Amino acid sequence: MTGIPVRDRLVDAALELFDERGYEQTTADDIADRAGVGRTTLFRHYRSKEDVIFPDHDRLLAAVKDRLATSSADTAIVAVTEAVRLVLLRYVEEDDRARRRYALTSRISTLRDREIASVARYQRLFREFIAEWMGPDPGAALRAELMAAAVVSAHNHVLRRWLRRDTTEPAAELDAAMAQVVALFTAPEPAPGTPNGGSTAVIVLHDRRDPEYVAATIRRALQEA
């Protein structure tokens, strides 16, 4: 265990103890003891025992905010999509820890409430960014609220599918889901000659995967839209 960072040791200890003893029966001291550190060390890294098993949302929200801040009016939609990807990939990087947390939050109301509160912080951040991007047009505040809710819902839908092992390509699924979100809130004028006035929204991100794979993913998204 000595080669594992202290923060990760504390997370693993908390997950084990919450499973073994229950959340209410586990104390901060128990977690510190299981991780082989002192109580002071635990509180140097985390504010409370429930904080131990959750991602560092403050840092992740700052990363999302920084990504959104680099966008212009022309790249705002791409910025939102890539910011959502940052959140999803953080959970994917956690791998088994994320799935164990999901199992705990599914059955422990205190942890579930904490997760819901965290989701609200992301939604508020996206809402504020989208509202500023849309400007002072009538109805912009409502559209920003609805779009932010849709963005978070798309992320959470894909995240839950990955947590349940229903998908092995969460990033690709998120790209497709976000394309559908964008399509809900964009209605460009149809180009001359476009059959039935149809329109398509396509988001292109920097991607190192095989171009044929990316193209196939986009085709599936368009077929399902």
# chains A, B, ... in the order shown; residues from 1 in each chain; ligands from 1
$ residues_around --residues "Ala13 in chain A" --least-positions-apart "3" --cutoff "10 Å" --atoms "only C-alpha atoms" --output "MDAnalysis selection string"
chainID A and resid 7:10 16:19 30:36 52:53
$ closest_residue --among "A:Leu159, A:Phe54, A:Ala141, A:Val92" --to "Thr105 in chain A" --atoms "only C-alpha atoms"
A:Phe54
$ closest_residue --among "A:Ile130, A:His157, A:Asp166, A:Leu104" --to "Met178 in chain A" --atoms "only C-alpha atoms"
A:His157
$ closest_atom_pairs --of "range 32-123 of chain A" --to "range 147-156 of chain A" --cutoff "10 Å" --atoms "only C-alpha atoms" --output "tab-separated table"
residue	atom	partner	partner_atom	distance
A:Val80	CA	A:Val151	CA	8.3
A:Thr81	CA	A:Val151	CA	8.3
A:Val84	CA	A:His155	CA	6.8
A:Arg85	CA	A:His155	CA	8.2
A:Val87	CA	A:His155	CA	8.5
A:Leu88	CA	A:His155	CA	7.0
A:Val119	CA	A:Val152	CA	7.7
A:Ala120	CA	A:Val152	CA	9.0
A:Tyr122	CA	A:Val152	CA	7.6
A:Gln123	CA	A:Ala148	CA	5.6
$ write_last_selection --atoms "C-alpha atoms" --output "mmCIF file, in the first residue's frame"
data_model
loop_
_atom_site.group_PDB
_atom_site.id
_atom_site.type_symbol
_atom_site.label_atom_id
_atom_site.label_comp_id
_atom_site.auth_asym_id
_atom_site.auth_seq_id
_atom_site.Cartn_x
_atom_site.Cartn_y
_atom_site.Cartn_z
ATOM 1 C CA VAL A 80 -19.783 22.894 -23.749
ATOM 2 C CA THR A 81 -19.401 19.468 -25.340
ATOM 3 C CA VAL A 84 -18.906 17.732 -20.444
ATOM 4 C CA ARG A 85 -16.372 15.252 -21.796
ATOM 5 C CA VAL A 87 -16.366 15.359 -16.422
ATOM 6 C CA LEU A 88 -17.215 12.013 -17.998
ATOM 7 C CA VAL A 119 -24.815 17.675 -10.188
ATOM 8 C CA ALA A 120 -26.656 20.928 -9.473
ATOM 9 C CA TYR A 122 -22.414 21.637 -12.832
ATOM 10 C CA GLN A 123 -25.844 22.474 -14.182
#
$ atom_distance --atom1 "CA of Arg101 in chain A" --atom2 "CA of Glu169 in chain A"
20.2 Å
$ select_by_dssp --residues "range 28-168 of chain A" --states "helix (DSSP H, G or I)" --output "JSON, numbers by chain"
{"A": [28, 29, 30, 31, 32, 33, 34, 35, 39, 40, 41, 42, 43, 44, 45, 51, 52, 53, 57, 58, 59, 60, 61, 62, 63, 64, 65, 66, 67, 68, 69, 76, 77, 78, 79, 80, 81, 82, 83, 84, 85, 86, 87, 88, 89, 90, 91, 92, 93, 94, 96, 97, 98, 99, 100, 101, 102, 103, 104, 105, 106, 107, 109, 110, 111, 112, 113, 114, 115, 116, 117, 118, 119, 120, 121, 122, 123, 124, 125, 126, 127, 128, 129, 130, 131, 132, 133, 134, 140, 141, 142, 143, 144, 145, 146, 147, 148, 149, 150, 151, 152, 153, 154, 155, 156, 157, 158, 159, 160, 161, 162, 163]}
$ closest_residue --among "A:Val181, A:Leu146, A:Ala171, A:Leu111" --to "Tyr91 in chain A" --atoms "only C-alpha atoms"
A:Ala171
$ closest_residue --among "A:Trp133, A:Tyr23, A:Phe43, A:Tyr102" --to "Ala69 in chain A" --atoms "only C-alpha atoms"
A:Trp133
$ atom_distance --atom1 "CA of Gln180 in chain A" --atom2 "CA of Leu142 in chain A"
18.8 Å
$ closest_residue --among "A:Arg67, A:Leu15, A:Gly22, A:Ser72" --to "Asp51 in chain A" --atoms "only C-alpha atoms"
A:Leu15
$ atom_distance --atom1 "CA of Arg47 in chain A" --atom2 "CA of Leu60 in chain A"
16.5 Å
